[in-house]
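protein.txt follows; it contains compact mmCIF, C-alpha atoms and all ligand atoms.
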```txt
# COMPACT_ATOMS: atom_id res chain seq x y z
CA MET A 1 81.80 48.86 -87.02
CA SER A 2 83.44 48.77 -83.61
CA LYS A 3 83.77 45.24 -82.29
CA VAL A 4 85.11 46.49 -78.97
CA LEU A 5 83.53 49.13 -76.74
CA ILE A 6 85.64 50.58 -73.93
CA LEU A 7 83.48 52.48 -71.43
CA THR A 8 85.19 54.32 -68.60
CA GLY A 9 84.15 56.21 -65.48
CA ALA A 10 85.63 58.30 -62.70
CA GLY A 11 87.77 55.38 -61.42
CA ILE A 12 90.16 55.54 -64.38
CA SER A 13 91.10 59.10 -63.43
CA ALA A 14 91.36 58.43 -59.68
CA GLU A 15 95.06 57.57 -59.84
CA SER A 16 95.67 60.87 -61.63
CA GLY A 17 94.34 62.63 -58.55
CA ILE A 18 90.79 63.49 -59.69
CA SER A 19 88.19 62.52 -57.07
CA THR A 20 85.52 59.97 -57.96
CA PHE A 21 81.88 60.48 -57.12
CA ARG A 22 80.50 57.65 -55.01
CA ASP A 23 83.73 56.88 -53.24
CA SER A 24 83.12 59.98 -51.17
CA ASP A 25 79.58 59.23 -49.87
CA GLY A 26 77.66 61.23 -52.45
CA LEU A 27 79.91 64.23 -52.06
CA TRP A 28 81.95 65.40 -54.96
CA GLU A 29 84.85 67.56 -53.80
CA ASN A 30 82.92 68.37 -50.61
CA HIS A 31 79.76 69.50 -52.40
CA ARG A 32 76.35 67.87 -52.19
CA ILE A 33 75.56 66.45 -55.61
CA GLU A 34 71.99 67.86 -55.47
CA ASP A 35 73.40 71.37 -55.13
CA VAL A 36 75.73 71.47 -58.11
CA CYS A 37 74.90 68.78 -60.65
CA THR A 38 71.17 68.21 -60.64
CA ALA A 39 68.72 69.55 -63.23
CA GLY A 40 67.53 73.01 -62.22
CA CYS A 41 70.54 73.91 -60.10
CA LEU A 42 71.50 76.59 -62.60
CA ASP A 43 68.19 78.30 -61.87
CA THR A 44 68.15 77.83 -58.10
CA ASN A 45 71.84 77.86 -57.32
CA GLU A 46 73.55 79.53 -60.26
CA GLU A 47 76.55 81.18 -58.60
CA ALA A 48 77.54 78.10 -56.58
CA THR A 49 77.10 75.86 -59.59
CA LYS A 50 79.25 78.07 -61.82
CA LYS A 51 81.89 78.35 -59.10
CA PHE A 52 81.91 74.60 -58.63
CA TYR A 53 82.65 73.96 -62.32
CA ASP A 54 85.19 76.80 -62.38
CA ALA A 55 86.98 74.95 -59.59
CA ARG A 56 86.75 71.58 -61.38
CA ARG A 57 88.25 73.18 -64.53
CA GLU A 58 91.07 74.72 -62.49
CA ASP A 59 91.59 71.38 -60.73
CA ILE A 60 92.14 69.34 -63.92
CA LYS A 61 94.54 71.88 -65.44
CA ASP A 62 97.67 70.27 -64.02
CA LYS A 63 96.43 66.68 -63.75
CA LYS A 64 98.27 64.16 -65.88
CA PRO A 65 96.96 61.06 -67.63
CA ASN A 66 98.02 57.71 -66.18
CA TYR A 67 99.13 54.43 -67.72
CA ALA A 68 95.52 53.28 -68.20
CA HIS A 69 94.62 56.34 -70.28
CA GLN A 70 97.86 55.96 -72.25
CA LEU A 71 97.38 52.29 -73.10
CA ILE A 72 93.78 52.89 -74.21
CA VAL A 73 94.95 55.72 -76.49
CA GLU A 74 97.59 53.40 -77.99
CA LEU A 75 94.98 50.69 -78.59
CA LYS A 76 92.58 53.15 -80.20
CA GLN A 77 95.33 54.40 -82.51
CA LYS A 78 96.29 50.85 -83.46
CA TYR A 79 92.67 49.76 -84.09
CA PRO A 80 90.80 52.97 -84.97
CA GLN A 81 87.79 51.29 -86.58
CA GLU A 82 87.54 48.25 -84.35
CA ILE A 83 87.55 50.04 -80.98
CA ALA A 84 85.15 52.72 -79.70
CA VAL A 85 86.05 54.68 -76.56
CA LEU A 86 83.23 56.26 -74.56
CA THR A 87 83.63 57.91 -71.18
CA GLN A 88 81.37 59.23 -68.45
CA ASN A 89 84.22 61.47 -67.39
CA VAL A 90 84.20 65.20 -67.96
CA ASP A 91 87.97 65.58 -67.57
CA ASP A 92 90.48 65.83 -70.43
CA LEU A 93 92.94 63.09 -69.47
CA PHE A 94 92.38 60.98 -72.60
CA GLU A 95 92.96 64.10 -74.70
CA LYS A 96 96.12 64.88 -72.74
CA ALA A 97 97.27 61.31 -73.45
CA GLY A 98 96.96 61.99 -77.18
CA MET A 99 93.36 61.17 -78.07
CA LYS A 100 91.86 63.41 -80.77
CA SER A 101 88.46 64.90 -80.04
CA ASP A 102 86.74 62.72 -82.65
CA GLU A 103 88.23 59.54 -81.18
CA ILE A 104 86.39 59.78 -77.85
CA VAL A 105 82.81 60.42 -76.79
CA HIS A 106 82.15 62.29 -73.53
CA LEU A 107 78.69 60.97 -72.66
CA HIS A 108 78.17 63.41 -69.78
CA GLY A 109 79.81 66.49 -71.28
CA PHE A 110 83.22 68.11 -71.07
CA LEU A 111 84.56 70.54 -68.48
CA LYS A 112 86.51 72.59 -71.03
CA GLU A 113 83.33 73.63 -72.83
CA LEU A 114 80.41 75.96 -72.23
CA ARG A 115 77.09 75.50 -74.00
CA CYS A 116 74.50 78.10 -74.94
CA ARG A 117 71.20 77.61 -73.10
CA GLY A 118 69.37 78.98 -76.13
CA CYS A 119 70.93 77.59 -79.31
CA ASP A 120 73.19 74.83 -77.90
CA GLU A 121 76.33 76.23 -79.55
CA ILE A 122 79.48 74.96 -77.83
CA PHE A 123 82.34 77.26 -76.79
CA ASP A 124 85.83 76.12 -75.85
CA ILE A 125 86.73 77.77 -72.52
CA ALA A 126 89.89 75.76 -71.76
CA TYR A 127 90.68 76.06 -68.02
CA LYS A 128 89.25 79.55 -67.53
CA ALA A 129 86.55 80.66 -65.10
CA GLN A 130 83.16 81.19 -66.72
CA ASP A 131 82.86 84.86 -65.76
CA SER A 132 86.26 85.67 -67.26
CA PHE A 133 85.14 84.14 -70.56
CA ALA A 134 81.63 85.37 -71.46
CA ASN A 135 78.20 85.10 -69.96
CA LEU A 136 76.18 85.45 -73.12
CA CYS A 137 76.22 83.57 -76.41
CA GLU A 138 77.72 85.59 -79.25
CA SER A 139 75.28 84.04 -81.74
CA CYS A 140 71.92 84.37 -79.97
CA GLY A 141 72.53 86.34 -76.77
CA SER A 142 71.29 83.61 -74.40
CA GLN A 143 73.14 82.63 -71.23
CA LEU A 144 76.00 80.16 -71.30
CA ARG A 145 76.31 77.18 -68.96
CA PRO A 146 78.86 74.44 -68.31
CA ASN A 147 78.56 71.74 -70.99
CA ILE A 148 77.87 69.09 -68.39
CA VAL A 149 74.89 66.73 -68.26
CA PHE A 150 73.29 67.15 -64.84
CA PHE A 151 71.25 64.44 -63.13
CA GLY A 152 67.73 64.55 -64.53
CA GLU A 153 68.80 66.12 -67.83
CA ALA A 154 68.80 64.41 -71.23
CA ALA A 155 72.12 63.02 -72.42
CA PRO A 156 72.01 63.27 -76.24
CA LYS A 157 75.19 61.22 -76.64
CA TYR A 158 73.44 58.15 -75.20
CA GLN A 159 72.33 57.61 -78.81
CA ILE A 160 75.95 56.85 -79.67
CA LEU A 161 76.18 54.54 -76.65
CA THR A 162 73.13 52.59 -77.86
CA GLN A 163 74.59 52.31 -81.35
CA LYS A 164 77.98 51.12 -80.07
CA LEU A 165 76.33 48.64 -77.69
CA ASN A 166 74.46 47.12 -80.63
CA GLU A 167 77.64 46.81 -82.67
CA CYS A 168 80.15 45.52 -80.17
CA GLU A 169 81.06 41.93 -79.31
CA LEU A 170 83.35 42.77 -76.40
CA ILE A 171 82.60 45.46 -73.81
CA VAL A 172 85.25 46.68 -71.38
CA ILE A 173 84.08 48.61 -68.33
CA ILE A 174 86.72 50.47 -66.31
CA GLY A 175 86.24 52.55 -63.15
CA THR A 176 82.49 52.97 -62.89
CA SER A 177 80.19 52.09 -59.99
CA GLY A 178 77.27 51.41 -62.35
CA ASN A 179 74.94 53.78 -60.51
CA VAL A 180 74.39 55.99 -63.53
CA LEU A 181 74.75 53.49 -66.39
CA ASP A 182 73.47 49.92 -66.00
CA VAL A 183 76.67 48.17 -66.98
CA THR A 184 75.37 44.75 -65.87
CA TYR A 185 72.71 45.04 -68.56
CA PHE A 186 75.35 46.10 -71.11
CA ALA A 187 77.41 42.99 -70.28
CA GLN A 188 74.35 40.81 -70.81
CA LEU A 189 73.83 42.29 -74.28
CA THR A 190 77.37 41.52 -75.34
CA ASP A 191 79.15 38.28 -76.18
CA LYS A 192 82.23 38.97 -74.01
CA SER A 193 82.67 41.47 -71.19
CA ILE A 194 85.37 42.74 -68.84
CA LEU A 195 84.88 44.67 -65.59
CA ASN A 196 87.64 46.56 -63.78
CA ASN A 197 86.90 48.45 -60.58
CA LEU A 198 88.77 48.90 -57.34
CA GLU A 199 86.14 46.94 -55.44
CA LYS A 200 82.73 45.29 -55.77
CA SER A 201 79.83 47.69 -56.37
CA SER A 202 76.28 47.07 -55.11
CA ALA A 203 74.98 48.38 -58.45
CA ILE A 204 76.82 45.75 -60.55
CA ASP A 205 76.25 41.99 -60.77
CA ASP A 206 79.78 40.87 -61.56
CA SER A 207 78.69 37.28 -62.28
CA CYS A 208 77.44 38.59 -65.65
CA PHE A 209 80.98 39.44 -66.79
CA THR A 210 83.40 37.14 -68.60
CA LYS A 211 86.37 38.54 -66.67
CA VAL A 212 86.53 40.68 -63.53
CA TYR A 213 89.50 42.62 -62.18
CA TYR A 214 89.22 44.26 -58.76
CA ALA A 215 92.44 46.23 -58.95
CA LYS A 216 93.75 49.66 -59.77
CA ALA A 217 93.20 50.43 -63.44
CA THR A 218 96.93 51.02 -63.91
CA ASP A 219 97.61 47.50 -62.59
CA ALA A 220 94.88 45.79 -64.61
CA ILE A 221 95.17 47.63 -67.92
CA ALA A 222 98.09 45.68 -69.45
CA GLU A 223 96.25 42.37 -69.10
CA ILE A 224 93.02 43.95 -70.35
CA ALA A 225 94.82 45.40 -73.38
CA GLU A 226 96.30 41.99 -74.16
CA TYR A 227 92.83 40.43 -73.97
CA ILE A 228 91.45 43.06 -76.37
CA GLU A 229 94.30 42.54 -78.85
CA ASP A 230 93.94 38.74 -78.74
CA PHE A 231 90.20 39.13 -79.24
CA LEU A 232 90.64 41.40 -82.28
CA GLU A 233 93.37 39.25 -83.84
CA GLU A 234 91.13 36.15 -83.60
CA LEU A 235 88.19 37.76 -85.44
P1 LIG B 301 81.75 56.62 -59.43
O1 LIG B 301 82.47 57.63 -58.64
O2 LIG B 301 80.31 56.38 -59.17
O3 LIG B 301 82.49 55.21 -59.25
C1 LIG B 301 83.89 55.11 -59.32
C2 LIG B 301 84.26 53.65 -59.55
O4 LIG B 301 85.63 53.58 -59.84
C3 LIG B 301 84.01 52.74 -58.34
O5 LIG B 301 83.33 51.58 -58.81
C4 LIG B 301 85.42 52.37 -57.86
O6 LIG B 301 85.55 51.02 -57.39
C5 LIG B 301 86.25 52.53 -59.11
N1 LIG B 301 87.63 52.94 -58.86
C6 LIG B 301 88.11 53.84 -57.95
N2 LIG B 301 89.45 53.94 -58.07
C7 LIG B 301 89.82 53.12 -59.08
C8 LIG B 301 91.06 52.79 -59.69
N3 LIG B 301 92.22 53.33 -59.28
N4 LIG B 301 91.07 51.89 -60.71
C9 LIG B 301 89.92 51.31 -61.15
N5 LIG B 301 88.71 51.58 -60.61
C10 LIG B 301 88.66 52.48 -59.59
O7 LIG B 301 82.01 56.97 -60.95
P2 LIG B 301 81.08 56.87 -62.24
O8 LIG B 301 80.41 55.54 -62.26
O9 LIG B 301 81.94 57.28 -63.38
O10 LIG B 301 79.93 57.95 -62.03
C11 LIG B 301 80.25 59.23 -61.66
C12 LIG B 301 79.62 60.33 -62.48
O11 LIG B 301 80.26 61.53 -62.07
C13 LIG B 301 79.88 60.25 -63.96
O12 LIG B 301 78.68 60.46 -64.59
C14 LIG B 301 80.88 61.37 -64.29
O13 LIG B 301 80.36 62.21 -65.31
C15 LIG B 301 80.99 62.21 -63.05
N6 LIG B 301 82.38 62.38 -62.52
C16 LIG B 301 83.41 62.55 -63.40
C17 LIG B 301 84.72 62.66 -62.95
C18 LIG B 301 85.84 62.86 -63.95
O14 LIG B 301 85.60 63.37 -65.04
N7 LIG B 301 87.08 62.43 -63.65
C19 LIG B 301 84.99 62.62 -61.58
C20 LIG B 301 83.90 62.47 -60.69
C21 LIG B 301 82.60 62.35 -61.19
ZN ZN B 302 73.23 80.81 -78.48
```

Could you express the structure from this file as structure tokens?
Ligand code: NAD
Ligand code: ZN
Amino acid sequence: MSKVLILTGAGISAESGISTFRDSDGLWENHRIEDVCTAGCLDTNEEATKKFYDARREDIKDKKPNYAHQLIVELKQKYPQEIAVLTQNVDDLFEKAGMKSDEIVHLHGFLKELRCRGCDEIFDIAYKAQDSFANLCESCGSQLRPNIVFFGEAAPKYQILTQKLNECELIVIIGTSGNVLDVTYFAQLTDKSILNNLEKSSAIDDSCFTKVYYAKATDAIAEIAEYIEDFLEEL
């Protein structure tokens, strides 16, 4: 049972040089979100969508984790059962900081994977372009697609989120605007809650949180980690 749930978003990777979503007026790396990450865009806009994710994969290749990723990995390794780490991010910065694949849940998918549109088998593509890898599934022959949850698509891993929300007594939200996940509601479900963003978001009611840090994640994380450790030691 995880007593602590750490839930991160694009903001935790911002200081590593990966662009966030909302901070750029609904553009992600100069693309309209409707064009490249909305349900159906693989049918209406396949080439541009594939190229977009090829570019995102290439972009994260040389990006390095920052102090916030590193401290969260250390905490998870120190308290493997007590802490659950879930992220909305599709990058691999937690993994680069030392997190094993079964220690983190990517709620919205993972850039380094393709998924079969027929049988859902997952293929590890690393940082390669999709066309240089394979276009068809070796098991069933259907087309492959980026393993990314687009807007309007089901997110199967939300089942894990629901389970962890029910279990936890402290929730820690880092670097998310709350437009996709209703983090205010999550804070209300939980005994204690921490919010860390760069600035106030119109989609979050910060009065519902026990502690709020408007600061860079790398500046706030040491104090947040101390709070988590104190919380766990007192249980
Ligand atoms: P968002 O872009 O909507 O919001 C980013 C939040 O991070 C803002 O609230 C901002 O104040 C905060 N922030 C910015 N810089 C910060 C810093 N240095 N320290 C702390 N906080 C900082 O992000 P979201 O809520 O995660 O939603 C975006 C969606 O887009 C997600 O579903 C995700 O899958 C996807 N996305 C992922 C990545 C990635 O994998 N790195 C990048 C962009 C978008
Ligand atoms: Zn298949």

Problem - Best match for closeness to Tyr67 (chain A) among A:Phe123, A:Phe21, A:Phe94, A:Phe52, counting only C-alpha atoms - result: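 Among the listed residues, A:Phe94 lies closest to Tyr67 (chain A).
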
Practice task
Might you pull out every residue within 9 Å of region 114-120 of chain A, with all atoms listed in the file counted and same-chain residues fewer than 3 positions away left off, and present them as a PyMOL selection string?
Solution key: chain A and resi 110-111+123-125+130+136-137+139-148

Dump of C-alpha atoms for the selected residues, as a PDB file, keeping the file's coordinate frame:
```pdb
ATOM      1  CA  PHE A 110      83.220  68.110 -71.070  1.00  0.00           C
ATOM      2  CA  LEU A 111      84.560  70.540 -68.480  1.00  0.00           C
ATOM      3  CA  PHE A 123      82.340  77.260 -76.790  1.00  0.00           C
ATOM      4  CA  ASP A 124      85.830  76.120 -75.850  1.00  0.00           C
ATOM      5  CA  ILE A 125      86.730  77.770 -72.520  1.00  0.00           C
ATOM      6  CA  GLN A 130      83.160  81.190 -66.720  1.00  0.00           C
ATOM      7  CA  LEU A 136      76.180  85.450 -73.120  1.00  0.00           C
ATOM      8  CA  CYS A 137      76.220  83.570 -76.410  1.00  0.00           C
ATOM      9  CA  SER A 139      75.280  84.040 -81.740  1.00  0.00           C
ATOM     10  CA  CYS A 140      71.920  84.370 -79.970  1.00  0.00           C
ATOM     11  CA  GLY A 141      72.530  86.340 -76.770  1.00  0.00           C
ATOM     12  CA  SER A 142      71.290  83.610 -74.400  1.00  0.00           C
ATOM     13  CA  GLN A 143      73.140  82.630 -71.230  1.00  0.00           C
ATOM     14  CA  LEU A 144      76.000  80.160 -71.300  1.00  0.00           C
ATOM     15  CA  ARG A 145      76.310  77.180 -68.960  1.00  0.00           C
ATOM     16  CA  PRO A 146      78.860  74.440 -68.310  1.00  0.00           C
ATOM     17  CA  ASN A 147      78.560  71.740 -70.990  1.00  0.00           C
ATOM     18  CA  ILE A 148      77.870  69.090 -68.390  1.00  0.00           C
TER      19      ILE A 148
END
```

Exercise for the section: Using all atoms listed in the file, determine which residues lie at most 10 Å from Gln70 (chain A), disregarding the query and same-chain residues fewer than 5 positions distant; provide the list as number ranges by chain. Expected result: A: 65, 75-76, 93-99, 218, 221

Would you save the residues of that selection, restricted to C-alpha atoms, as a JSON list (two decimals), keeping the file's coordinate frame?
```json
[["chain", "number", "residue", "atom", "x", "y", "z"],
["A", 65, "PRO", "CA", 96.96, 61.06, -67.63],
["A", 75, "LEU", "CA", 94.98, 50.69, -78.59],
["A", 76, "LYS", "CA", 92.58, 53.15, -80.20],
["A", 93, "LEU", "CA", 92.94, 63.09, -69.47],
["A", 94, "PHE", "CA", 92.38, 60.98, -72.60],
["A", 95, "GLU", "CA", 92.96, 64.10, -74.70],
["A", 96, "LYS", "CA", 96.12, 64.88, -72.74],
["A", 97, "ALA", "CA", 97.27, 61.31, -73.45],
["A", 98, "GLY", "CA", 96.96, 61.99, -77.18],
["A", 99, "MET", "CA", 93.36, 61.17, -78.07],
["A", 218, "THR", "CA", 96.93, 51.02, -63.91],
["A", 221, "ILE", "CA", 95.17, 47.63, -67.92]]
```

Exercise for the section: May I have the residues at most 10 Å from (77.5, 41.3, -74.3) in the file's coordinates, counting all atoms listed in the file, as a PyMOL selection string? Expected result: chain A and resi 165-166+168-172+184-194+208-210

Between chain A and ligand LIG 301 (chain B), at 8 Å or less, what are the per-residue closest atom pairs and their distances in Å? Count only C-alpha atoms and all ligand atoms, order by chain and rising residue number, and return it as a Markdown table.
```
| residue | atom | partner | partner_atom | distance |
| --- | --- | --- | --- | --- |
| A:Thr8 | CA | B:LIG301 | O9 | 6.8 |
| A:Gly9 | CA | B:LIG301 | O9 | 3.2 |
| A:Ala10 | CA | B:LIG301 | O9 | 3.9 |
| A:Gly11 | CA | B:LIG301 | O4 | 3.2 |
| A:Ile12 | CA | B:LIG301 | N4 | 5.3 |
| A:Ser13 | CA | B:LIG301 | N7 | 5.2 |
| A:Ala14 | CA | B:LIG301 | N2 | 5.1 |
| A:Glu15 | CA | B:LIG301 | N3 | 5.1 |
| A:Ile18 | CA | B:LIG301 | N7 | 5.5 |
| A:Ser19 | CA | B:LIG301 | C19 | 5.5 |
| A:Thr20 | CA | B:LIG301 | O1 | 3.9 |
| A:Phe21 | CA | B:LIG301 | O1 | 3.3 |
| A:Arg22 | CA | B:LIG301 | O1 | 4.1 |
| A:Asp23 | CA | B:LIG301 | O1 | 5.6 |
| A:Ser24 | CA | B:LIG301 | O1 | 7.9 |
| A:Trp28 | CA | B:LIG301 | C20 | 6.7 |
| A:Thr87 | CA | B:LIG301 | O13 | 8.0 |
| A:Gln88 | CA | B:LIG301 | O13 | 4.4 |
| A:Asn89 | CA | B:LIG301 | O14 | 3.3 |
| A:Val90 | CA | B:LIG301 | O14 | 3.7 |
| A:Asp91 | CA | B:LIG301 | O14 | 4.1 |
| A:Asp92 | CA | B:LIG301 | O14 | 7.7 |
| A:Leu107 | CA | B:LIG301 | O13 | 7.6 |
| A:His108 | CA | B:LIG301 | O13 | 5.1 |
| A:Gly109 | CA | B:LIG301 | O13 | 7.4 |
| A:Ile148 | CA | B:LIG301 | O13 | 7.9 |
| A:Val149 | CA | B:LIG301 | O13 | 7.7 |
| A:Ile174 | CA | B:LIG301 | C9 | 6.1 |
| A:Gly175 | CA | B:LIG301 | O4 | 3.5 |
| A:Thr176 | CA | B:LIG301 | O8 | 3.4 |
| A:Ser177 | CA | B:LIG301 | O5 | 3.4 |
| A:Gly178 | CA | B:LIG301 | O8 | 5.2 |
| A:Asn179 | CA | B:LIG301 | O8 | 6.0 |
| A:Val180 | CA | B:LIG301 | O10 | 6.1 |
| A:Leu181 | CA | B:LIG301 | O8 | 7.3 |
| A:Asn196 | CA | B:LIG301 | C9 | 5.9 |
| A:Asn197 | CA | B:LIG301 | N5 | 3.6 |
| A:Leu198 | CA | B:LIG301 | O6 | 3.9 |
| A:Glu199 | CA | B:LIG301 | O6 | 4.6 |
| A:Lys200 | CA | B:LIG301 | O6 | 6.6 |
| A:Ser201 | CA | B:LIG301 | O5 | 5.8 |
| A:Tyr214 | CA | B:LIG301 | C9 | 7.5 |
| A:Ala215 | CA | B:LIG301 | C9 | 6.1 |
| A:Lys216 | CA | B:LIG301 | N4 | 3.6 |
| A:Ala217 | CA | B:LIG301 | N4 | 3.8 |
| A:Thr218 | CA | B:LIG301 | N4 | 6.7 |
```
